$ cat structure-v7.pdb   # PDB, C-alpha atoms
ATOM      1  CA  MET F   1     -24.883  -5.034 -13.989
ATOM      2  CA  PRO F   2     -21.472  -4.997 -12.301
ATOM      3  CA  ASN F   3     -21.074  -7.147  -9.229
ATOM      4  CA  LEU F   4     -19.206  -4.858  -6.818
ATOM      5  CA  HIS F   5     -19.114  -7.509  -4.116
ATOM      6  CA  ARG F   6     -17.257  -9.865  -6.461
ATOM      7  CA  GLN F   7     -14.748  -7.135  -7.346
ATOM      8  CA  GLU F   8     -14.088  -6.434  -3.672
ATOM      9  CA  LYS F   9     -13.741 -10.120  -2.762
ATOM     10  CA  LEU F  10     -11.391 -10.758  -5.685
ATOM     11  CA  GLY F  11      -9.337  -7.704  -4.698
ATOM     12  CA  GLU F  12      -9.044  -8.968  -1.125
ATOM     13  CA  LEU F  13      -8.072 -12.435  -2.327
ATOM     14  CA  ILE F  14      -5.448 -11.072  -4.718
ATOM     15  CA  ALA F  15      -4.051  -8.845  -1.957
ATOM     16  CA  ALA F  16      -3.739 -11.784   0.446
ATOM     17  CA  GLU F  17      -2.103 -14.051  -2.128
ATOM     18  CA  LEU F  18       0.284 -11.347  -3.366
ATOM     19  CA  SER F  19       1.293 -10.551   0.211
ATOM     20  CA  GLU F  20       2.098 -14.213   0.766
ATOM     21  CA  LEU F  21       4.033 -14.412  -2.507
ATOM     22  CA  LEU F  22       6.043 -11.271  -1.724
ATOM     23  CA  ARG F  23       6.925 -12.667   1.676
ATOM     24  CA  THR F  24       7.843 -16.192   0.598
ATOM     25  CA  ARG F  25       8.605 -16.428  -3.124
ATOM     26  CA  VAL F  26       9.996 -13.127  -4.404
ATOM     27  CA  LYS F  27      13.762 -13.188  -3.936
ATOM     28  CA  ASP F  28      14.559  -9.816  -5.538
ATOM     29  CA  PRO F  29      16.583  -7.824  -2.964
ATOM     30  CA  ARG F  30      15.045  -4.586  -4.249
ATOM     31  CA  VAL F  31      11.643  -5.670  -2.966
ATOM     32  CA  GLY F  32      12.301  -4.805   0.647
ATOM     33  CA  PHE F  33       9.701  -3.617   3.117
ATOM     34  CA  ALA F  34       6.721  -3.578   0.786
ATOM     35  CA  SER F  35       3.176  -4.294   1.843
ATOM     36  CA  ILE F  36      -0.017  -4.492  -0.165
ATOM     37  CA  THR F  37      -2.471  -1.879   1.115
ATOM     38  CA  ARG F  38      -5.351  -2.565  -1.281
ATOM     39  CA  VAL F  39      -6.218  -3.962  -4.697
ATOM     40  CA  GLU F  40      -8.706  -2.333  -7.057
ATOM     41  CA  VAL F  41     -10.177  -4.722  -9.619
ATOM     42  CA  SER F  42     -11.864  -3.410 -12.769
ATOM     43  CA  VAL F  43     -15.541  -4.095 -13.454
ATOM     44  CA  ASP F  44     -14.678  -6.728 -16.083
ATOM     45  CA  LEU F  45     -12.192  -8.366 -13.641
ATOM     46  CA  ARG F  46      -9.394  -8.152 -16.221
ATOM     47  CA  HIS F  47      -7.240  -5.484 -14.561
ATOM     48  CA  ALA F  48      -6.004  -5.124 -10.998
ATOM     49  CA  LYS F  49      -4.356  -2.022  -9.563
ATOM     50  CA  VAL F  50      -2.220  -3.125  -6.624
ATOM     51  CA  HIS F  51      -1.433  -0.328  -4.168
ATOM     52  CA  VAL F  52       1.862  -0.912  -2.380
ATOM     53  CA  SER F  53       3.262   0.890   0.639
ATOM     54  CA  VAL F  54       7.051   0.885   0.879
ATOM     55  CA  ILE F  55       9.032   1.792   3.974
ATOM     56  CA  GLY F  56      12.308   3.487   3.175
ATOM     57  CA  SER F  57      13.954   6.341   1.352
ATOM     58  CA  PRO F  58      12.694   7.616  -2.009
ATOM     59  CA  GLU F  59      15.501   5.661  -3.716
ATOM     60  CA  GLU F  60      14.431   2.464  -1.956
ATOM     61  CA  ARG F  61      10.812   3.080  -2.970
ATOM     62  CA  THR F  62      11.842   3.537  -6.583
ATOM     63  CA  ALA F  63      13.968   0.391  -6.511
ATOM     64  CA  THR F  64      11.140  -1.607  -4.908
ATOM     65  CA  MET F  65       8.645  -0.451  -7.532
ATOM     66  CA  LYS F  66      11.099  -1.437 -10.303
ATOM     67  CA  GLY F  67      11.577  -4.836  -8.656
ATOM     68  CA  LEU F  68       7.808  -5.348  -8.450
ATOM     69  CA  LYS F  69       7.402  -4.323 -12.087
ATOM     70  CA  ASN F  70      10.033  -6.897 -13.077
ATOM     71  CA  ALA F  71       8.312  -9.570 -10.976
ATOM     72  CA  THR F  72       4.836  -8.873 -12.394
ATOM     73  CA  GLY F  73       4.893 -11.804 -14.841
ATOM     74  CA  PHE F  74       6.077 -14.232 -12.184
ATOM     75  CA  LEU F  75       3.495 -12.985  -9.681
ATOM     76  CA  ARG F  76       0.683 -13.192 -12.230
ATOM     77  CA  HIS F  77       1.700 -16.756 -13.118
ATOM     78  CA  GLU F  78       1.817 -17.744  -9.443
ATOM     79  CA  LEU F  79      -1.603 -16.180  -8.859
ATOM     80  CA  ALA F  80      -2.979 -18.177 -11.795
ATOM     81  CA  THR F  81      -1.859 -21.407 -10.123
ATOM     82  CA  ARG F  82      -3.479 -20.397  -6.809
ATOM     83  CA  LEU F  83      -6.735 -18.824  -7.982
ATOM     84  CA  VAL F  84      -9.381 -20.425 -10.156
ATOM     85  CA  LEU F  85     -10.459 -17.678 -12.557
ATOM     86  CA  ARG F  86     -11.445 -17.606 -16.185
ATOM     87  CA  TYR F  87      -9.092 -14.665 -16.797
ATOM     88  CA  MET F  88      -6.198 -13.723 -14.578
ATOM     89  CA  PRO F  89      -6.225  -9.925 -14.232
ATOM     90  CA  GLU F  90      -3.353  -7.863 -15.578
ATOM     91  CA  ILE F  91      -1.475  -6.488 -12.581
ATOM     92  CA  VAL F  92      -0.216  -2.921 -12.247
ATOM     93  CA  PHE F  93       1.631  -1.799  -9.122
ATOM     94  CA  LYS F  94       1.047   1.717  -7.780
ATOM     95  CA  LEU F  95       2.983   3.330  -4.943
ATOM     96  CA  ASP F  96       0.701   4.116  -1.989
ATOM     97  CA  THR F  97       1.997   6.976   0.151
ATOM     98  CA  SER F  98      -1.084   7.294   2.374
ATOM     99  CA  ILE F  99       0.649   5.707   5.385
ATOM    100  CA  GLU F 100       3.566   8.150   5.167
ATOM    101  CA  GLU F 101       1.163  11.068   4.703
ATOM    102  CA  GLY F 102      -0.844   9.949   7.736
ATOM    103  CA  ALA F 103       2.310   9.688   9.835
ATOM    104  CA  ARG F 104       3.385  13.160   8.697
ATOM    105  CA  ILE F 105      -0.020  14.629   9.614
ATOM    106  CA  LEU F 106       0.095  12.978  13.052
ATOM    107  CA  GLU F 107       3.578  14.407  13.565
ATOM    108  CA  LEU F 108       2.339  17.894  12.644
ATOM    109  CA  ILE F 109      -0.616  17.564  15.035
ATOM    110  CA  HIS F 110       1.715  16.483  17.823
ATOM    111  CA  LYS F 111       4.012  19.421  17.073
ATOM    112  CA  VAL F 112       1.091  21.880  17.254
ATOM    113  CA  GLU F 113      -0.056  20.352  20.561
ATOM    114  CA  LEU F 114       3.444  20.779  22.012
ATOM    115  CA  GLU F 115       3.551  24.404  20.832
ATOM    116  CA  ASP F 116       0.119  25.017  22.410
ATOM    117  CA  GLN F 117       1.294  23.529  25.694
ATOM    118  CA  GLN F 118       4.429  25.681  25.645
ATOM    119  CA  LEU F 119       2.382  28.793  24.813
ATOM    120  CA  SER F 120      -0.012  28.033  27.690
ATOM    121  CA  LYS F 121       2.921  27.651  30.088
ATOM    122  CA  ASP F 122       4.436  30.942  28.901
ATOM    123  CA  VAL F 123       1.122  32.793  29.317
ATOM    124  CA  HIS F 124       0.580  31.276  32.767
ATOM    125  CA  ALA F 125       4.128  32.215  33.820
ATOM    126  CA  ASN F 126       3.605  35.826  32.680
ATOM    127  CA  GLU F 127       0.312  36.074  34.603
ATOM    128  CA  THR F 128       1.914  34.995  37.886
ATOM    129  CA  GLN F 129       4.695  37.551  37.703
TER     130      GLN F 129
END
$ encode --input "structure-v7.pdb" --output "structure tokens"
Amino acid sequence: MPNLHRQEKLGELIAAELSELLRTRVKDPRVGFASITRVEVSVDLRHAKVHVSVIGSPEERTATMKGLKNATGFLRHELATRLVLRYMPEIVFKLDTSIEEGARILELIHKVELEDQQLSKDVHANETQ
């Protein structure tokens, strides 16, 4: 029977430690404004999918993901020294665009609200004439 609570707790712990490592130990200039949004750990605790949000242009995102891929061995080794686990999960980094998508949706909503306000003003102005 899989222990979902253990998977979640391990994912949170890995996310916190990786965030700290990215901030303090990774010196690769390609790894710019990257933040860990969540970590999904497999049922057997041997694989971890690390979702990363990157602020910047598409080229900067690509470069950051390449930098993270190159640093995977180092990060896994550092995690092994910080966490007491029988098996250190294999780490795979995935680009998380949910923050950018959310910002884009909010921008569209704001744009529609402004258009509605302008339409209301135009209709009101026509009624008073």
$ residues_around --input "structure-v7.pdb" --residues "stretch 61-70 of chain F" --least-positions-apart "5" --cutoff "10 Å" --atoms "only C-alpha atoms" --output "list in words"
Leu22, Val26, Lys27, Asp28, Pro29, Arg30, Val31, Gly32, Phe33, Ala34, Val52, Ser53, Val54, Ile55, Gly56, Leu75, Ile91, Val92, Phe93, Lys94 and Leu95 of chain F
$ resolve_selection --input "structure-v7.pdb" --expression "the PyMOL selection byres ((chain F and resi 49) around 12)" --output "number ranges by chain"
F: 7, 10-12, 14-15, 36-42, 45-48, 50-52, 72, 89-96
$ atom_distance --input "structure-v7.pdb" --atom1 "atom CA of F:Ser98" --atom2 "atom CA of F:Ala16"
19.4 Å
$ closest_residue --input "structure-v7.pdb" --among "F:Leu18, F:Asp44, F:Leu114, F:Thr24" --to "F:Tyr87" --atoms "all atoms listed in the file"
F:Asp44
$ axis_aligned_box --input "structure-v7.pdb" --around "stretch 44-47 of chain F" --padding-each-side "8 Å" --output "AutoDock Vina command-line options"
--center_x -11.0 --center_y -6.9 --center_z -14.9 --size_x 23.4 --size_y 18.9 --size_z 18.6
$ residues_around --input "structure-v7.pdb" --residues "F:Glu78" --least-positions-apart "3" --cutoff "10 Å" --atoms "all atoms listed in the file" --output "mmCIF file with C-alpha atoms, keeping the file's coordinate frame"
data_model
loop_
_atom_site.group_PDB
_atom_site.id
_atom_site.type_symbol
_atom_site.label_atom_id
_atom_site.label_comp_id
_atom_site.auth_asym_id
_atom_site.auth_seq_id
_atom_site.Cartn_x
_atom_site.Cartn_y
_atom_site.Cartn_z
ATOM 1 C CA GLU F 17 -2.103 -14.051 -2.128
ATOM 2 C CA LEU F 18 0.284 -11.347 -3.366
ATOM 3 C CA LEU F 21 4.033 -14.412 -2.507
ATOM 4 C CA ARG F 25 8.605 -16.428 -3.124
ATOM 5 C CA THR F 72 4.836 -8.873 -12.394
ATOM 6 C CA GLY F 73 4.893 -11.804 -14.841
ATOM 7 C CA PHE F 74 6.077 -14.232 -12.184
ATOM 8 C CA LEU F 75 3.495 -12.985 -9.681
ATOM 9 C CA THR F 81 -1.859 -21.407 -10.123
ATOM 10 C CA ARG F 82 -3.479 -20.397 -6.809
ATOM 11 C CA LEU F 83 -6.735 -18.824 -7.982
#
$ residues_around --input "structure-v7.pdb" --residues "F:Met88" --least-positions-apart "5" --cutoff "8 Å" --atoms "only C-alpha atoms" --output "number ranges by chain"
F: 46, 76, 79-80
$ atom_distance --input "structure-v7.pdb" --atom1 "atom CA of F:Thr97" --atom2 "atom CA of F:His77"
27.2 Å
$ atom_distance --input "structure-v7.pdb" --atom1 "atom CA of F:Lys111" --atom2 "atom CA of F:Asn126"
22.6 Å
$ closest_residue --input "structure-v7.pdb" --among "F:Ala71, F:Lys9, F:Leu108, F:Ser35" --to "F:Arg23" --atoms "only C-alpha atoms"
F:Ser35
